[in-house]
2 protein chains.
Amino acid sequence: MSALLTDLYQLSMMQAYLDEGMAERAVFELFVRKLPAHRNFLIAAGLDQALEFLEDLRFSADEIAWIERQGGFSTRLLDRLRTLRFTGDVDAMPEGTAFFPNEPVLRVVAPLPEAQLVESRLLNLVHFQTVVASKAARCVLAAPGKVLVDFGMRRAHGAEAALTAARAAYLAGFSGTATALAGMKFAIPVFGTMAHSFIQAHASEQAAFEAFARARSENVVLLIDTYDTEAAARKVVQIAPELMRQGIAIRGVRLDSGDLAAHAFAVRAILDQGGLRDTTIFSSGNLDEDRVQALVQCGAPIDGFGIGTALDTSSDAPFLDAVYKLQEYAGIPRRKRSEGKATWPGRKQVFRNYGDDGKIAFDTVALADELHRGEPLLVPMMRGGRRISTATLAQARSCAAAQIASLPAGLRRLEPAVNPYRVDISTALRELARALDAATA
Amino acid sequence: MSALLTDLYQLSMMQAYLDEGMAERAVFELFVRKLPAHRNFLIAAGLDQALEFLEDLRFSADEIAWIERQGGFSTRLLDRLRTLRFTGDVDAMPEGTAFFPNEPVLRVVAPLPEAQLVESRLLNLVHFQTVVASKAARCVLAAPGKVLVDFGMRRAHGAEAALTAARAAYLAGFSGTATALAGMKFAIPVFGTMAHSFIQAHASEQAAFEAFARARSENVVLLIDTYDTEAAARKVVQIAPELMRQGIAIRGVRLDSGDLAAHAFAVRAILDQGGLRDTTIFSSGNLDEDRVQALVQCGAPIDGFGIGTALDTSSDAPFLDAVYKLQEYAGIPRRKRSEGKATWPGRKQVFRNYGDDGKIAFDTVALADELHRGEPLLVPMMRGGRRISTATLAQARSCAAAQIASLPAGLRRLEPAVNPYRVDISTALRELARALDAATA
């Protein structure tokens, strides 16, 4: 993606920095200021795309011509943009890490003009995948042992959202996605059944089932709610023996409307009585983690869930209060003090501490050069503009699984935690903030 | 964007259709089943990208190889995909049209395998821009005569969302966007000021203001809330005369935190007393249409608003219940009857009727071949896979302005309308639905 995918003000500021010769190293940190109402934790995601963006950062000749046509930009800036590359360092939490408000999840150290320019797209990449991974983790917690599939492409916010939502959901523990291109791009398992239109286009539901089974003999999942769900389940039982003689097994049926629990119990009984004990029941239709949990808790015999719009748009929390803030310039810590938006200054590290039960107990946000108890969460990812981390999506997925397993019970529930996770601010960091306020008051 | 950006099941169904020789013309319609709680109307957007997608539809060799590797797809399907193009017809409401639930906003008539395949991406494109244009229209209604700018890129759901949100907002009446690439791609005016980091990186706020003014002398908008808003406004007054001597005018200041109304009154007074009556006040910071309306209604002297996250994610309604349904195949109307998701069958048209006051009064959804009072809203856009409409973004923007102006007062308020807009279903359409139900019961 083009370097011009940025806010115009980044170019204005870069011009001023060049004019002033302000190219000392700047430290920016990306963090979330507070949790949405229905999130007890967040799962870091999108780092891989962020690092790729930084490695590939450059302006095309067309883009520089467009900037020139805007007027007011100097030849010095345009020349600088022609050869611009990102030469900085990145430390970050590995993808899949559970994190909390005010904890830097990614830190950029680079010459000020570079570090500033990349703000908009870094946030755009890390924010969205973190939104979806955090939502997906809740779905995973709601349905232990079930197959969860991303069904959200059609109502995702554009192409990139559909693709990266599939990735973030898989990272957080989903089994796969329905989006073919995401399967190709990220090597994620791809799932699919059929649409109502397929049934409707045929002279009868039974004809549609048989045609689909013959065409997709290795992956026969039949959608049975177009007209009458239980009647359709009986048709499935009826056609199964003849298909079996042709070597075709009906792997599953899908429910997409009505009272999913009631239909699932009824359909399970029909399938079992018809000898189709291995035919699974998959369900979809306006699902989110709360509905999935309710279905699981009432014991509905549903083997898997397609979660679409609520996942890809994170509909109950479609954004996080994620920001990217200057914390140090030319070796001097900086602090924004805007009302309600003050930041903790300086280059920071997050130290994680575990309890005797192996669960995470508390984090300490401290200055990066403090010695502190606990596991440092930010690790080197890029040096001098080159990636030094090559974590795979599979590794990120394992990391997320381990992190979700390490959450205390109160944070694993879908309901808001009675006791939010403890994040301490180190004494040295508090003192630095006070000193800076006193100096600039 | 690749044709493989689709749900896997589209390929499964296409394989079955090819096996069965089902390639008659199908009619699919895209519509929204119901309005979100805080929307009294929707604004159609995204058609231009949808038509571009259909014109460019093709699979690459790599993508076909990926499909082959999934297993279970026939040589016949793979061969068909190699030469696949979209050859169908599209009728649609022009971009900018106000529309309502159950009204087809776009109709595809094409051989069944083509019409089915394009479902996922057509929805993905039209849904999102309609979401944002509908949200943006509310912002426009909340702030008549004010400058509104899209500030949402950083928390938009990915790159395409950021770009098309800028487009949809402009279409609905915004003045422009902060996203540079959207400006280049769609020829939208681009706006920008400076970030807090720019202030923080300097030794003093005043030094930052002066440096920025010199660097961006034709577009000086200074961010004044980093430390103390009113103190910063006084600094602006202080530095203005010397800048003026250098031929540099301070066009505006930006407020981004705290009580925006109180700060705006105080800052306006400081600027006016300092002789800076032409310096405008721009504000931003977690704004949405409700906050903007409150600021406008209390008379806060704010000339323009940057609306970001709430716009680009449509945070109060991040999705619509938008669907794309088969309504006719091989000349025979079809009807989905799933519980709570039944559709009106057949190929339809929407007829719009106006009152004596020039405002829209009611619409009738009817069969396309019925003769009905009112203006038909769906018009030919593509024939045989080639676009026949060449509406520009400027025309769509004019259309949206006229449509918003034609809304009755009850629909123009941000509060839910006491009387929702009247959408009649024609007698012939009701009878067709009844007849189909009787035939397939």
# chains A, B, ... in the order shown; residues from 1 in each chain; ligands from 1
>>> select_by_dssp(residues="segment 328-406 of chain B", states="helix (DSSP H, G or I)", output="MDAnalysis selection string")
chainID B and resid 393:405
>>> residues_around(residues="segment 372-378 of chain B", least_positions_apart="6", cutoff="6 Å", atoms="only C-alpha atoms", output="list of chain:residue names")
B:Asp91, B:Ala92, B:Met93, B:Val350, B:Phe351, B:Arg352, B:Asn353
>>> write_last_selection(atoms="N, CA and C atoms", output="mmCIF file, in the first residue's frame")
data_model
loop_
_atom_site.group_PDB
_atom_site.id
_atom_site.type_symbol
_atom_site.label_atom_id
_atom_site.label_comp_id
_atom_site.auth_asym_id
_atom_site.auth_seq_id
_atom_site.Cartn_x
_atom_site.Cartn_y
_atom_site.Cartn_z
ATOM 1 N N ASP B 91 -29.135 -2.646 -13.070
ATOM 2 C CA ASP B 91 -29.933 -1.439 -12.865
ATOM 3 C C ASP B 91 -29.756 -1.057 -11.405
ATOM 4 N N ALA B 92 -29.714 0.222 -11.131
ATOM 5 C CA ALA B 92 -29.476 0.627 -9.742
ATOM 6 C C ALA B 92 -29.976 2.035 -9.511
ATOM 7 N N MET B 93 -30.148 2.359 -8.230
ATOM 8 C CA MET B 93 -30.402 3.757 -7.866
ATOM 9 C C MET B 93 -29.085 4.516 -8.050
ATOM 10 N N VAL B 350 -38.735 0.572 -7.825
ATOM 11 C CA VAL B 350 -39.198 1.441 -6.740
ATOM 12 C C VAL B 350 -39.703 2.732 -7.359
ATOM 13 N N PHE B 351 -40.955 3.080 -7.069
ATOM 14 C CA PHE B 351 -41.555 4.302 -7.608
ATOM 15 C C PHE B 351 -41.676 5.333 -6.490
ATOM 16 N N ARG B 352 -41.091 6.493 -6.704
ATOM 17 C CA ARG B 352 -41.072 7.533 -5.653
ATOM 18 C C ARG B 352 -42.091 8.629 -5.954
ATOM 19 N N ASN B 353 -42.805 8.989 -4.915
ATOM 20 C CA ASN B 353 -43.831 10.022 -5.051
ATOM 21 C C ASN B 353 -43.537 11.198 -4.128
#
>>> closest_residue(among="B:Phe265, B:Phe282, B:Phe151, B:Phe305", to="chain A", atoms="only C-alpha atoms")
B:Phe151
>>> residues_around(residues="Leu78 of chain A", least_positions_apart="3", cutoff="10 Å", atoms="only C-alpha atoms", output="number ranges by chain")
A: 11, 15, 59, 61, 64-65, 67-68, 73-75, 81-84
>>> write_last_selection(atoms="C-alpha atoms", output="mmCIF file, in the first residue's frame")
data_model
loop_
_atom_site.group_PDB
_atom_site.id
_atom_site.type_symbol
_atom_site.label_atom_id
_atom_site.label_comp_id
_atom_site.auth_asym_id
_atom_site.auth_seq_id
_atom_site.Cartn_x
_atom_site.Cartn_y
_atom_site.Cartn_z
ATOM 1 C CA LEU A 11 3.421 15.797 5.020
ATOM 2 C CA GLN A 15 8.086 19.804 5.590
ATOM 3 C CA PHE A 59 6.346 7.165 -2.613
ATOM 4 C CA ALA A 61 6.497 9.350 -8.867
ATOM 5 C CA ILE A 64 4.932 12.930 -5.508
ATOM 6 C CA ALA A 65 3.478 14.707 -8.542
ATOM 7 C CA ILE A 67 1.687 16.259 -3.643
ATOM 8 C CA GLU A 68 3.393 18.909 -5.755
ATOM 9 C CA PHE A 73 5.135 21.875 -0.538
ATOM 10 C CA SER A 74 8.809 22.640 -1.048
ATOM 11 C CA THR A 75 11.230 21.100 -3.497
ATOM 12 C CA LEU A 81 10.100 11.876 -0.446
ATOM 13 C CA ARG A 82 11.631 10.502 -3.653
ATOM 14 C CA THR A 83 14.235 8.542 -1.736
ATOM 15 C CA LEU A 84 12.395 8.104 1.534
#
>>> atom_distance(atom1="atom CA of Leu117 of chain B", atom2="atom CA of Ala169 of chain B")
28.8 Å
>>> atom_distance(atom1="atom CA of Thr390 of chain A", atom2="atom CA of Val108 of chain A")
17.8 Å
>>> atom_distance(atom1="atom CA of Asp150 of chain A", atom2="atom CA of Ala178 of chain A")
6.0 Å
>>> residues_around(residues="segment 324-336 of chain A", least_positions_apart="4", cutoff="8 Å", atoms="only C-alpha atoms", output="MDAnalysis selection string")
(chainID A and resid 24:31 112 119 123 341:347 433 436:437) or (chainID B and resid 196:197 200:201 226:227)
>>> residues_around(residues="Gly96 of chain B", least_positions_apart="2", cutoff="10 Å", atoms="only C-alpha atoms", output="MDAnalysis selection string")
chainID B and resid 42:47 93:94 98:99 130 133:134 137 168 171:173 393 395:404
>>> residues_around(residues="Thr177 of chain B", least_positions_apart="5", cutoff="12 Å", atoms="only C-alpha atoms", output="MDAnalysis selection string")
(chainID A and resid 5:9) or (chainID B and resid 147:153 162:171 182:193 305:308 311:312)
>>> closest_residue(among="A:Gly358, A:Gly410, A:Gly247, A:Gly385", to="Phe53 of chain A", atoms="only C-alpha atoms")
A:Gly385
>>> closest_residue(among="A:Arg422, A:His202, A:Arg33, A:Arg85", to="chain B", atoms="only C-alpha atoms")
A:His202
>>> residues_around(residues="Arg154 of chain A", least_positions_apart="3", cutoff="8 Å", atoms="only C-alpha atoms", output="ChimeraX atom specification")
/A:162,309 /B:120-124,127
>>> write_last_selection(atoms="C-alpha atoms", output="mmCIF file, in the first residue's frame")
data_model
loop_
_atom_site.group_PDB
_atom_site.id
_atom_site.type_symbol
_atom_site.label_atom_id
_atom_site.label_comp_id
_atom_site.auth_asym_id
_atom_site.auth_seq_id
_atom_site.Cartn_x
_atom_site.Cartn_y
_atom_site.Cartn_z
ATOM 1 C CA ALA A 162 -12.411 -8.738 4.987
ATOM 2 C CA THR A 309 -20.930 -9.335 10.577
ATOM 3 C CA SER B 120 -19.972 -11.287 -1.780
ATOM 4 C CA ARG B 121 -17.950 -8.446 -3.257
ATOM 5 C CA LEU B 122 -20.953 -6.465 -4.514
ATOM 6 C CA LEU B 123 -22.335 -6.469 -1.002
ATOM 7 C CA ASN B 124 -18.913 -5.704 0.464
ATOM 8 C CA HIS B 127 -22.790 -2.016 1.954
#
>>> select_by_dssp(residues="segment 97-336 of chain A", states="strand (DSSP E or B)", output="ChimeraX atom specification")
/A:98-99,106-111,147-150,176-177,179,190,220-223,250-255,280-283,304-307,322-329,332-333
>>> write_last_selection(atoms="N, CA and C atoms", output="compact mmCIF listing (two decimals), in the first residue's frame")
# COMPACT_ATOMS: atom_id res chain seq x y z
N ALA A 98 -1.90 -10.95 24.92
CA ALA A 98 -3.00 -10.24 25.59
C ALA A 98 -2.43 -8.96 26.20
N PHE A 99 -3.12 -7.85 26.01
CA PHE A 99 -2.61 -6.61 26.60
C PHE A 99 -3.76 -5.74 27.09
N LEU A 106 3.43 -1.36 20.67
CA LEU A 106 4.41 -1.21 19.59
C LEU A 106 5.15 0.11 19.82
N ARG A 107 6.46 0.07 19.62
CA ARG A 107 7.27 1.29 19.80
C ARG A 107 8.14 1.50 18.56
N VAL A 108 8.09 2.70 18.03
CA VAL A 108 8.92 3.06 16.87
C VAL A 108 9.99 4.03 17.34
N VAL A 109 11.24 3.75 17.00
CA VAL A 109 12.34 4.68 17.24
C VAL A 109 12.98 4.96 15.89
N ALA A 110 12.87 6.20 15.43
CA ALA A 110 13.34 6.54 14.09
C ALA A 110 13.55 8.04 13.99
N PRO A 111 14.26 8.49 12.96
CA PRO A 111 14.35 9.94 12.74
C PRO A 111 12.94 10.53 12.71
N VAL A 147 -16.08 -25.64 16.29
CA VAL A 147 -15.49 -25.08 15.07
C VAL A 147 -16.07 -23.69 14.85
N LEU A 148 -15.20 -22.69 14.75
CA LEU A 148 -15.67 -21.32 14.49
C LEU A 148 -15.10 -20.86 13.16
N VAL A 149 -15.97 -20.31 12.32
CA VAL A 149 -15.55 -19.88 10.99
C VAL A 149 -15.97 -18.44 10.75
N ASP A 150 -15.03 -17.66 10.23
CA ASP A 150 -15.32 -16.27 9.85
C ASP A 150 -16.21 -16.26 8.61
N GLY A 176 -11.08 -21.16 10.73
CA GLY A 176 -10.85 -20.72 9.36
C GLY A 176 -11.84 -19.66 8.95
N THR A 177 -11.94 -19.48 7.65
CA THR A 177 -12.75 -18.41 7.08
C THR A 177 -13.49 -18.91 5.86
N THR A 179 -13.77 -16.77 3.36
CA THR A 179 -13.26 -15.86 2.32
C THR A 179 -12.10 -16.50 1.57
N VAL A 190 -10.15 -22.80 4.57
CA VAL A 190 -11.33 -22.14 4.03
C VAL A 190 -12.52 -23.09 4.09
N VAL A 220 -19.86 -32.00 1.55
CA VAL A 220 -21.30 -31.78 1.42
C VAL A 220 -21.88 -31.25 2.73
N VAL A 221 -22.15 -29.95 2.74
CA VAL A 221 -22.86 -29.35 3.86
C VAL A 221 -24.10 -28.67 3.27
N LEU A 222 -25.26 -29.12 3.69
CA LEU A 222 -26.51 -28.68 3.06
C LEU A 222 -27.23 -27.66 3.93
N LEU A 223 -27.67 -26.59 3.30
CA LEU A 223 -28.39 -25.52 4.00
C LEU A 223 -29.86 -25.91 4.06
N ILE A 250 -22.94 -37.15 3.57
CA ILE A 250 -23.40 -35.80 3.91
C ILE A 250 -22.69 -35.39 5.19
N ARG A 251 -21.70 -34.52 5.03
CA ARG A 251 -20.87 -34.15 6.19
C ARG A 251 -21.63 -33.34 7.21
N GLY A 252 -22.49 -32.45 6.72
CA GLY A 252 -23.18 -31.60 7.67
C GLY A 252 -24.38 -30.90 7.09
N VAL A 253 -25.14 -30.29 8.00
CA VAL A 253 -26.24 -29.42 7.58
C VAL A 253 -26.01 -28.06 8.25
N ARG A 254 -26.59 -27.02 7.63
CA ARG A 254 -26.45 -25.68 8.22
C ARG A 254 -27.82 -25.09 8.50
N LEU A 255 -27.96 -24.53 9.71
CA LEU A 255 -29.14 -23.77 10.11
C LEU A 255 -28.78 -22.29 10.08
N THR A 280 -22.80 -33.50 10.90
CA THR A 280 -22.71 -32.44 11.92
C THR A 280 -23.73 -31.33 11.65
N ILE A 281 -23.97 -30.55 12.68
CA ILE A 281 -24.86 -29.39 12.54
C ILE A 281 -24.02 -28.13 12.71
N PHE A 282 -24.11 -27.30 11.70
CA PHE A 282 -23.38 -26.04 11.69
C PHE A 282 -24.43 -24.94 11.71
N SER A 283 -24.15 -23.85 12.44
CA SER A 283 -25.17 -22.81 12.43
C SER A 283 -24.59 -21.44 12.22
N GLY A 304 -20.58 -26.42 15.07
CA GLY A 304 -19.77 -25.29 14.63
C GLY A 304 -20.63 -24.07 14.33
N PHE A 305 -19.98 -22.92 14.32
CA PHE A 305 -20.68 -21.65 14.15
C PHE A 305 -19.98 -20.81 13.08
N GLY A 306 -20.78 -20.24 12.20
CA GLY A 306 -20.27 -19.22 11.28
C GLY A 306 -20.60 -17.86 11.86
N ILE A 307 -19.58 -17.08 12.14
CA ILE A 307 -19.81 -15.76 12.74
C ILE A 307 -19.36 -14.72 11.72
N ALA A 322 -7.25 3.71 20.27
CA ALA A 322 -5.84 3.44 20.00
C ALA A 322 -5.15 4.70 19.48
N VAL A 323 -3.99 4.98 20.01
CA VAL A 323 -3.25 6.18 19.62
C VAL A 323 -1.76 5.86 19.47
N TYR A 324 -1.04 6.80 18.86
CA TYR A 324 0.39 6.66 18.56
C TYR A 324 1.00 7.98 18.98
N LYS A 325 1.74 7.99 20.05
CA LYS A 325 2.11 9.26 20.67
C LYS A 325 3.62 9.41 20.80
N LEU A 326 4.06 10.65 20.59
CA LEU A 326 5.47 10.98 20.79
C LEU A 326 5.79 10.93 22.29
N GLN A 327 6.79 10.13 22.65
CA GLN A 327 7.14 9.99 24.07
C GLN A 327 8.54 10.52 24.36
N GLU A 328 9.33 10.71 23.32
CA GLU A 328 10.70 11.17 23.51
C GLU A 328 11.17 11.75 22.19
N TYR A 329 11.95 12.86 22.26
CA TYR A 329 12.58 13.37 21.04
C TYR A 329 13.98 13.86 21.40
N ILE A 332 15.07 13.43 24.92
CA ILE A 332 14.32 14.09 26.00
C ILE A 332 12.88 13.58 26.02
N PRO A 333 12.42 13.07 27.16
CA PRO A 333 11.04 12.59 27.25
C PRO A 333 10.04 13.72 27.02
>>> closest_residue(among="A:Ala159, A:Ala361, A:Met1, A:Leu51", to="Asp424 of chain A", atoms="only C-alpha atoms")
A:Ala361
